[in-house]
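Colleague: Handing over work34.cif, mmCIF, C-alpha atoms.
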```
data_protein
loop_
_atom_site.label_atom_id
_atom_site.label_comp_id
_atom_site.auth_asym_id
_atom_site.auth_seq_id
_atom_site.Cartn_x
_atom_site.Cartn_y
_atom_site.Cartn_z
CA MET I 1 -8.49 -6.92 -36.53
CA THR I 2 -9.28 -3.58 -34.98
CA ASN I 3 -13.10 -3.76 -35.18
CA ASP I 4 -13.53 0.02 -34.84
CA LEU I 5 -15.95 0.73 -31.98
CA ASN I 6 -17.97 3.07 -34.17
CA ASN I 7 -18.44 0.27 -36.70
CA ILE I 8 -19.61 -2.05 -33.92
CA ARG I 9 -21.98 0.56 -32.50
CA PHE I 10 -23.37 1.41 -35.94
CA TYR I 11 -23.85 -2.27 -36.82
CA ALA I 12 -25.76 -2.91 -33.57
CA GLN I 13 -28.08 0.01 -34.34
CA ILE I 14 -28.75 -1.26 -37.88
CA VAL I 15 -29.73 -4.66 -36.50
CA GLU I 16 -31.87 -3.18 -33.74
CA ARG I 17 -33.63 -0.61 -35.95
CA GLY I 18 -34.18 -3.00 -38.87
CA SER I 19 -33.04 -0.62 -41.61
CA LEU I 20 -30.25 1.74 -42.57
CA THR I 21 -32.69 4.65 -42.72
CA ALA I 22 -34.02 4.13 -39.17
CA ALA I 23 -30.53 3.54 -37.75
CA ALA I 24 -29.19 6.69 -39.46
CA GLU I 25 -32.02 8.77 -37.99
CA SER I 26 -31.43 7.29 -34.51
CA LEU I 27 -27.69 7.98 -34.65
CA GLY I 28 -28.01 11.36 -36.33
CA VAL I 29 -25.72 10.47 -39.20
CA ALA I 30 -26.16 10.24 -42.97
CA LYS I 31 -27.45 6.93 -44.37
CA SER I 32 -24.58 6.85 -46.87
CA MET I 33 -22.00 7.14 -44.09
CA LEU I 34 -23.68 4.32 -42.17
CA SER I 35 -23.59 2.13 -45.28
CA GLN I 36 -19.87 2.85 -45.67
CA HIS I 37 -19.17 1.81 -42.05
CA LEU I 38 -21.11 -1.42 -42.53
CA ALA I 39 -19.15 -2.22 -45.69
CA ALA I 40 -15.86 -1.45 -43.92
CA LEU I 41 -16.77 -3.76 -41.03
CA GLU I 42 -17.64 -6.61 -43.39
CA ARG I 43 -14.37 -6.14 -45.30
CA GLU I 44 -12.40 -6.22 -42.07
CA LEU I 45 -14.17 -9.35 -40.84
CA GLY I 46 -14.17 -11.03 -44.26
CA VAL I 47 -17.79 -12.16 -43.91
CA LEU I 48 -21.23 -10.97 -44.98
CA LEU I 49 -23.19 -9.72 -41.96
CA ILE I 50 -26.30 -8.37 -43.73
CA ARG I 51 -27.87 -9.24 -47.11
CA ARG I 52 -29.29 -6.08 -48.67
CA THR I 53 -32.25 -6.20 -50.98
CA SER I 54 -34.31 -3.37 -52.39
CA ARG I 55 -37.06 -4.10 -49.88
CA ARG I 56 -35.36 -5.19 -46.66
CA LEU I 57 -32.23 -6.21 -44.77
CA GLU I 58 -31.62 -9.83 -43.85
CA ILE I 59 -29.19 -10.61 -41.02
CA THR I 60 -27.02 -13.62 -41.87
CA GLU I 61 -26.37 -16.39 -39.35
CA ILE I 62 -22.83 -15.09 -38.68
CA GLY I 63 -24.30 -11.59 -38.52
CA LYS I 64 -26.63 -12.68 -35.69
CA ARG I 65 -23.80 -14.26 -33.72
CA TYR I 66 -21.59 -11.23 -34.28
CA TYR I 67 -24.43 -8.96 -33.08
CA ALA I 68 -24.69 -10.99 -29.85
CA GLN I 69 -21.00 -10.35 -29.18
CA CYS I 70 -21.42 -6.67 -30.05
CA GLN I 71 -24.06 -6.42 -27.33
CA VAL I 72 -21.59 -7.84 -24.80
CA ILE I 73 -18.86 -5.38 -25.86
CA LEU I 74 -21.16 -2.36 -25.84
CA GLY I 75 -22.59 -3.40 -22.46
CA GLU I 76 -19.08 -3.56 -20.96
CA ILE I 77 -18.23 -0.17 -22.42
CA ALA I 78 -21.40 1.30 -20.90
CA ARG I 79 -20.51 -0.26 -17.56
CA ALA I 80 -16.97 1.14 -17.70
CA SER I 81 -18.36 4.58 -18.50
CA SER I 82 -20.74 4.29 -15.56
CA LEU I 83 -17.83 3.43 -13.25
CA ALA I 84 -15.89 6.46 -14.51
CA ASP I 85 -18.94 8.70 -14.02
CA SER I 86 -19.44 7.48 -10.47
CA ALA I 87 -15.74 8.00 -9.70
CA ARG I 88 -16.17 11.63 -10.71
CA THR I 89 -19.11 12.14 -8.35
CA ALA I 90 -18.02 10.14 -5.26
CA PRO I 91 -14.43 9.52 -4.09
CA ARG I 92 -13.56 5.83 -4.29
CA GLY I 93 -10.58 3.61 -4.96
CA LYS I 94 -7.27 2.86 -3.23
CA LEU I 95 -4.47 5.32 -2.40
CA ARG I 96 -0.95 4.40 -1.23
CA ILE I 97 0.86 6.78 1.15
CA ALA I 98 4.43 6.65 2.46
CA CYS I 99 4.98 8.34 5.83
CA PRO I 100 7.72 8.51 8.51
CA VAL I 101 7.02 6.00 11.30
CA ASN I 102 6.71 8.45 14.21
CA PHE I 103 4.78 10.97 12.17
CA ALA I 104 2.31 8.20 11.33
CA GLN I 105 1.92 7.36 15.03
CA VAL I 106 1.85 10.86 16.47
CA VAL I 107 0.17 13.01 13.81
CA MET I 108 -1.27 10.97 10.94
CA ALA I 109 -3.18 8.30 12.87
CA PRO I 110 -6.15 10.50 13.88
CA VAL I 111 -6.12 12.35 10.53
CA VAL I 112 -6.27 9.07 8.60
CA ALA I 113 -9.10 7.80 10.81
CA ALA I 114 -11.08 11.01 10.21
CA TYR I 115 -10.54 10.75 6.43
CA LEU I 116 -11.69 7.13 6.31
CA ALA I 117 -14.82 8.00 8.29
CA MET I 118 -15.63 10.83 5.91
CA TYR I 119 -14.96 8.92 2.68
CA PRO I 120 -16.13 5.33 3.24
CA GLU I 121 -15.47 4.18 -0.34
CA VAL I 122 -11.77 5.09 -0.32
CA ASP I 123 -9.17 2.55 0.89
CA LEU I 124 -5.79 3.72 2.19
CA SER I 125 -2.51 1.83 2.36
CA LEU I 126 -0.13 3.62 4.75
CA ALA I 127 3.50 2.45 4.71
CA VAL I 128 6.08 3.76 7.18
CA THR I 129 9.23 5.13 5.56
CA ASN I 130 10.97 8.51 5.43
CA ARG I 131 12.43 8.12 1.94
CA ALA I 132 11.46 10.78 -0.57
CA ASN I 133 12.38 8.32 -3.34
CA ALA I 134 9.60 5.97 -2.21
CA LEU I 135 7.21 7.98 -4.37
CA ILE I 136 9.18 7.13 -7.51
CA ASP I 137 10.86 3.82 -6.65
CA GLU I 138 7.97 2.02 -4.98
CA GLY I 139 4.92 3.41 -6.75
CA PHE I 140 3.25 5.32 -3.93
CA ASP I 141 0.59 7.89 -4.79
CA PHE I 142 1.78 10.25 -2.04
CA ALA I 143 4.82 10.55 0.22
CA LEU I 144 5.10 12.55 3.42
CA TYR I 145 8.75 13.40 3.94
CA ILE I 146 10.62 15.29 6.67
CA GLY I 147 14.00 16.66 5.69
CA SER I 148 15.76 18.88 3.19
CA PRO I 149 13.46 20.32 0.48
CA VAL I 150 12.89 17.91 -2.40
CA LYS I 151 13.30 19.75 -5.70
CA ARG I 152 12.23 17.68 -8.69
CA SER I 153 10.42 19.00 -11.72
CA THR I 154 8.32 15.82 -11.87
CA LEU I 155 6.93 16.22 -8.34
CA VAL I 156 4.40 18.57 -6.78
CA THR I 157 5.24 19.64 -3.22
CA ALA I 158 3.11 21.08 -0.42
CA SER I 159 5.07 22.13 2.68
CA PHE I 160 4.09 22.29 6.35
CA LYS I 161 6.25 24.16 8.86
CA LEU I 162 7.47 22.16 11.85
CA ASP I 163 8.95 23.49 15.07
CA ALA I 164 12.72 23.24 15.15
CA GLU I 165 14.09 20.29 17.11
CA VAL I 166 15.65 20.93 20.50
CA LEU I 167 18.74 19.40 22.10
CA VAL I 168 17.74 17.50 25.24
CA ALA I 169 19.41 15.33 27.87
CA SER I 170 18.46 13.78 31.18
CA PRO I 171 19.43 15.46 34.48
CA ALA I 172 21.37 12.28 35.34
CA LEU I 173 23.51 12.46 32.19
CA LEU I 174 24.27 16.16 32.71
CA ALA I 175 25.14 15.56 36.36
CA ARG I 176 27.51 12.78 35.35
CA ALA I 177 29.14 14.28 32.23
CA GLY I 178 28.69 18.00 32.90
CA THR I 179 26.35 20.56 31.32
CA PRO I 180 27.64 21.95 28.00
CA ARG I 181 28.21 25.72 28.04
CA SER I 182 29.03 26.09 24.34
CA PRO I 183 28.60 24.02 21.16
CA GLY I 184 32.18 22.85 21.47
CA ASP I 185 31.31 21.01 24.69
CA LEU I 186 28.77 18.73 22.98
CA GLY I 187 31.46 16.34 21.80
CA ALA I 188 31.93 15.09 25.35
CA LEU I 189 28.41 13.60 25.41
CA SER I 190 27.22 10.39 23.76
CA SER I 191 24.52 11.06 21.17
CA ALA I 192 21.59 9.36 19.45
CA SER I 193 20.36 10.22 15.98
CA GLU I 194 18.32 9.16 13.00
CA HIS I 195 20.15 7.38 10.18
CA ALA I 196 19.99 10.37 7.83
CA ALA I 197 23.39 12.01 7.39
CA ASP I 198 24.79 14.67 5.08
CA ALA I 199 26.28 13.97 1.64
CA ARG I 200 29.63 13.12 3.28
CA GLY I 201 28.05 10.70 5.74
CA ARG I 202 28.43 13.05 8.72
CA HIS I 203 25.92 13.62 11.51
CA LEU I 204 25.77 17.34 12.16
CA TRP I 205 23.87 19.67 14.46
CA GLN I 206 23.48 23.05 12.73
CA LEU I 207 23.11 25.55 15.60
CA THR I 208 22.19 29.23 15.54
CA ARG I 209 22.42 31.55 18.56
CA VAL I 210 19.94 34.32 19.25
CA ASP I 211 22.48 36.88 18.02
CA GLY I 212 22.76 35.08 14.66
CA THR I 213 26.03 33.28 15.33
CA ARG I 214 26.15 29.89 13.59
CA HIS I 215 27.99 26.78 14.65
CA SER I 216 28.13 23.32 13.07
CA VAL I 217 28.83 20.43 15.43
CA GLN I 218 29.70 16.96 14.20
CA HIS I 219 28.71 14.14 16.53
CA PHE I 220 29.19 10.37 16.43
CA PRO I 221 25.99 8.65 17.55
CA ARG I 222 26.06 5.61 19.82
CA LEU I 223 22.51 4.91 18.71
CA LEU I 224 21.18 5.18 15.17
CA THR I 225 17.48 4.62 14.54
CA ASP I 226 14.68 6.28 12.59
CA ASP I 227 12.29 5.69 15.51
CA LEU I 228 12.19 8.88 17.57
CA TRP I 229 10.52 7.10 20.50
CA VAL I 230 13.53 4.81 20.77
CA ILE I 231 15.82 7.85 20.74
CA ARG I 232 13.62 9.52 23.38
CA GLU I 233 13.92 6.46 25.64
CA SER I 234 17.71 6.40 25.31
CA VAL I 235 17.79 10.07 26.34
CA LEU I 236 15.41 9.53 29.27
CA ALA I 237 17.57 6.62 30.42
CA GLY I 238 20.60 8.93 30.60
CA CYS I 239 22.48 7.12 27.83
CA THR I 240 22.56 9.86 25.19
CA ILE I 241 21.85 13.43 24.21
CA ALA I 242 19.70 14.00 21.14
CA ALA I 243 17.81 16.52 19.02
CA LEU I 244 14.09 15.82 19.28
CA PRO I 245 10.92 17.51 17.98
CA PRO I 246 9.24 19.46 20.80
CA LEU I 247 5.97 17.56 20.44
CA ILE I 248 7.86 14.30 21.21
CA CYS I 249 9.58 15.57 24.33
CA ARG I 250 7.39 18.43 25.64
CA ASP I 251 5.80 16.35 28.39
CA ALA I 252 9.19 15.12 29.65
CA LEU I 253 10.57 18.69 29.63
CA GLU I 254 7.55 19.98 31.57
CA ALA I 255 7.97 17.18 34.13
CA GLY I 256 11.71 17.84 34.51
CA ARG I 257 12.62 14.38 33.25
CA LEU I 258 14.51 16.04 30.41
CA LEU I 259 16.41 19.34 30.24
CA ARG I 260 17.16 21.66 27.31
CA VAL I 261 20.83 21.71 26.37
CA LEU I 262 22.21 25.05 25.13
CA PRO I 263 18.77 26.74 25.24
CA ASP I 264 20.20 29.92 23.67
CA TRP I 265 21.00 27.96 20.53
CA THR I 266 18.40 26.65 18.07
CA LEU I 267 18.60 23.92 15.47
CA LYS I 268 17.74 24.37 11.81
CA GLU I 269 14.03 24.55 11.02
CA VAL I 270 12.63 21.52 9.22
CA LYS I 271 9.57 21.08 7.05
CA LEU I 272 7.13 18.31 6.36
CA GLN I 273 6.59 17.88 2.63
CA LEU I 274 3.63 16.24 0.93
CA LEU I 275 4.89 14.92 -2.42
CA TYR I 276 2.91 13.65 -5.38
CA ARG I 277 3.56 13.35 -9.09
CA SER I 278 1.20 15.70 -10.90
CA LYS I 279 -1.96 17.73 -10.51
CA LYS I 280 -3.15 16.44 -13.89
CA GLY I 281 -5.19 13.26 -14.08
CA LEU I 282 -5.71 12.93 -10.32
CA THR I 283 -8.69 10.85 -9.27
CA LEU I 284 -11.37 12.44 -7.13
CA ALA I 285 -10.15 10.34 -4.20
CA ALA I 286 -6.60 11.72 -4.63
CA ARG I 287 -7.87 15.30 -4.84
CA THR I 288 -9.98 14.92 -1.70
CA LEU I 289 -6.99 13.47 0.17
CA ILE I 290 -4.76 16.40 -0.83
CA ASP I 291 -7.40 18.89 0.30
CA PHE I 292 -8.09 16.97 3.53
CA LEU I 293 -4.41 16.70 4.46
CA SER I 294 -3.75 20.35 3.61
CA ARG I 295 -6.47 21.50 6.00
CA HIS I 296 -6.32 18.97 8.82
CA LEU I 297 -2.58 18.34 8.96
CA ARG I 298 -2.04 22.07 9.48
CA ALA I 299 -4.64 22.14 12.26
CA GLN I 300 -3.24 18.98 13.86
CA LEU I 301 0.36 20.24 13.74
CA ARG I 302 -0.60 23.69 15.01
CA GLY I 303 -2.48 22.22 17.96
CA LEU I 304 0.26 19.73 18.86
CA GLN I 305 3.05 22.28 18.55
CA ASP I 306 1.38 25.06 20.55
CA GLY I 307 0.30 22.60 23.25
CA THR I 308 -3.46 23.12 22.86
CA MET I 309 -3.84 19.50 21.72
CA ARG I 310 -2.43 16.27 23.09
CA LEU I 311 -1.18 13.31 21.10
CA GLY I 312 -3.87 11.07 19.65
CA THR I 313 -6.56 13.76 19.28
CA ILE I 314 -8.05 15.40 16.22
CA PRO I 315 -9.24 18.96 15.65
CA ALA I 316 -12.71 19.55 17.11
CA ARG I 317 -14.16 20.32 13.68
CA VAL I 318 -13.52 17.91 10.85
CA THR I 319 -15.47 19.04 7.82
CA ARG I 320 -15.40 18.43 4.11
#
```
Please lay out the structure from this file as structure tokens.

Modeller:
Amino acid sequence: MTNDLNNIRFYAQIVERGSLTAAAESLGVAKSMLSQHLAALERELGVLLIRRTSRRLEITEIGKRYYAQCQVILGEIARASSLADSARTAPRGKLRIACPVNFAQVVMAPVVAAYLAMYPEVDLSLAVTNRANALIDEGFDFALYIGSPVKRSTLVTASFKLDAEVLVASPALLARAGTPRSPGDLGALSSASEHAADARGRHLWQLTRVDGTRHSVQHFPRLLTDDLWVIRESVLAGCTIAALPPLICRDALEAGRLLRVLPDWTLKEVKLQLLYRSKKGLTLAARTLIDFLSRHLRAQLRGLQDGTMRLGTIPARVTR
């Protein structure tokens, strides 16, 4: 039985108004159409809900019980509509975000805290992963991903420029193994790297010199981890050389605890990508998060990368 919602709504009005004429006027429909809906509902249910006489309508016993259930159904529909209306006027609900572990610690932590303070009825679930496929495979609403551009017709992408990583080593390692003078010398040093490799499973440093000369160097990491702080510690301890984001190693470079290796060569620029499925059908909470991240992530990254902000701080102005 489908029990068309219009039939239910019309029946409730007939009962409440006491006549077809009054119900038709209240609903703004023709009396004949209302009578047809009532007849259709009774046929579908297989019972008589209302006895019609020339003078009045008499609600049958089953008609009274059916009306009581109609009130429950219509009340729930009204409540659902109210919830939808409120969701359109105030952001609320739960959003799931996938984010690289170190990016969550270094950049996202203060941004997330500021968002939660501004939108108290939105709950966030932040999972640490740097897999672009997490958005599709694990049902996340958003994924922050650092790496090669993700090109999928089913995904919307917003990109944020990141400073190119720099090759760094400790003074002790360079004193022991020698300071590389050209990309070809890098093979003599032990390296550390994230797990991500190219399509052939190789770990490569793509280097470009100031004059435009390019050089690709394959290295064989002693340490593989997606935690950049662990890589940083292995470099500080003199165990490995590594490519690190400047905001992770700036303080150690300024203190002389780390040194740039091949400073005339730069690594390939990388981008942070905010991925989500579609702009259509987004909840208000999702739209506010996209807008908030677009504004405050840029400010946070700009401040961290130009050195005007330190880790764990947020932009001075956080506004809607």

Colleague: Pick the closest to Thr129 in chain I from I:Phe292, I:Phe10, I:Phe103, I:Trp229: which is it, counting all atoms listed in the file?

Modeller: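 Selected residue with least distance to Thr129 in chain I: I:Phe103.
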
Colleague: CA of Leu126 in chain I and CA of Ala109 in chain I, how far apart in Å?

Modeller: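 For CA of Ala109 in chain I relative to CA of Leu126 in chain I, the distance reads 9.9 Å.
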
Colleague: Of the candidates I:Val235, I:Ser193, I:Val72, I:Gly201, which shows the shortest atom-to-atom distance to Arg222 in chain I, using all atoms listed in the file?

Modeller: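 For Arg222 in chain I, the nearest of the given residues is I:Ser193.
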
Colleague: Care to translate the PyMOL selection byres ((chain I and resi 166) around 8) into actual residues of this file, as number ranges by chain?

Modeller: I: 164-165, 167-168, 243-246, 260-261, 266-267

Colleague: May I have the selected residues written with C-alpha atoms, as a PDB file, in the coordinates of the input?

Modeller:
```
ATOM      1  CA  ALA I 164      12.720  23.240  15.150  1.00  0.00           C
ATOM      2  CA  GLU I 165      14.090  20.290  17.110  1.00  0.00           C
ATOM      3  CA  LEU I 167      18.740  19.400  22.100  1.00  0.00           C
ATOM      4  CA  VAL I 168      17.740  17.500  25.240  1.00  0.00           C
ATOM      5  CA  ALA I 243      17.810  16.520  19.020  1.00  0.00           C
ATOM      6  CA  LEU I 244      14.090  15.820  19.280  1.00  0.00           C
ATOM      7  CA  PRO I 245      10.920  17.510  17.980  1.00  0.00           C
ATOM      8  CA  PRO I 246       9.240  19.460  20.800  1.00  0.00           C
ATOM      9  CA  ARG I 260      17.160  21.660  27.310  1.00  0.00           C
ATOM     10  CA  VAL I 261      20.830  21.710  26.370  1.00  0.00           C
ATOM     11  CA  THR I 266      18.400  26.650  18.070  1.00  0.00           C
ATOM     12  CA  LEU I 267      18.600  23.920  15.470  1.00  0.00           C
TER      13      LEU I 267
END
```

Colleague: Could you give me, as a ChimeraX atom specification, the residues that sit within 8 Å of (-20.4, -10.9, -40.1) in the file's coordinates, counting all atoms listed in the file?

Modeller: /I:42,45-50,60,62-66

Colleague: Selection in question (the file shown): the PyMOL selection byres ((chain I and resi 111) around 9). Which residues does it include, as a PyMOL selection string?

Modeller: chain I and resi 107-110+112-116+292-293+296-297+300+313-315

Colleague: Could the residues in this selection be saved with C-alpha atoms as a compact mmCIF listing (two decimals), in the coordinates of the input?

Modeller:
```
# COMPACT_ATOMS: atom_id res chain seq x y z
CA VAL I 107 0.17 13.01 13.81
CA MET I 108 -1.27 10.97 10.94
CA ALA I 109 -3.18 8.30 12.87
CA PRO I 110 -6.15 10.50 13.88
CA VAL I 112 -6.27 9.07 8.60
CA ALA I 113 -9.10 7.80 10.81
CA ALA I 114 -11.08 11.01 10.21
CA TYR I 115 -10.54 10.75 6.43
CA LEU I 116 -11.69 7.13 6.31
CA PHE I 292 -8.09 16.97 3.53
CA LEU I 293 -4.41 16.70 4.46
CA HIS I 296 -6.32 18.97 8.82
CA LEU I 297 -2.58 18.34 8.96
CA GLN I 300 -3.24 18.98 13.86
CA THR I 313 -6.56 13.76 19.28
CA ILE I 314 -8.05 15.40 16.22
CA PRO I 315 -9.24 18.96 15.65
```

Colleague: Translate the PyMOL selection byres ((chain I and resi 24) around 12), as applied to the file shown, into an explicit residue set as a PyMOL selection string.

Modeller: chain I and resi 9-23+25-38

Colleague: For CA of Arg55 in chain I and CA of Ala40 in chain I, determine how far apart the two atoms are, in Å to one decimal place.

Modeller: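 So the answer is 22.2 Å.
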
Colleague: Quick one: pull the distance between CA of Arg92 in chain I and CA of Leu124 in chain I, Å, one decimal.

Modeller: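 Taking CA of Arg92 in chain I and CA of Leu124 in chain I, their separation equals 10.3 Å.
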
Colleague: Which one is closest to Cys70 in chain I: I:Asn7, I:Gln273, I:Thr53, I:Asn102? Count all atoms listed in the file.

Modeller: I:Asn7

Colleague: So which one's closest to Thr225 in chain I, I:Leu284, I:Leu253, I:Val101, I:Ala175? Using all atoms listed in the file, please.

Modeller: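 Checking each candidate against Thr225 in chain I, we get I:Val101 as the closest.
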
Colleague: Between I:Lys271, I:Arg257, I:Arg96, I:Arg209, single out the one closest to Glu138 in chain I, counting only C-alpha atoms.

Modeller: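 With only C-alpha atoms as the atom set, the closest residue is I:Arg96.
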
Colleague: Quick one: of I:Ser190, I:Phe142, I:Val210, I:Ala197, who's nearest to Arg277 in chain I, counting all atoms listed in the file?

Modeller: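 When distances to Arg277 in chain I are compared using all atoms listed in the file, the smallest one comes from I:Phe142.
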
Colleague: Using all atoms listed in the file, find all polymer residues with an atom at most 12 Å away from the point (1.6, 15.3, -3.3); report them as a PyMOL selection string.

Modeller: chain I and resi 95-99+132+135-136+140-145+150+154-159+272-280+282+286-294
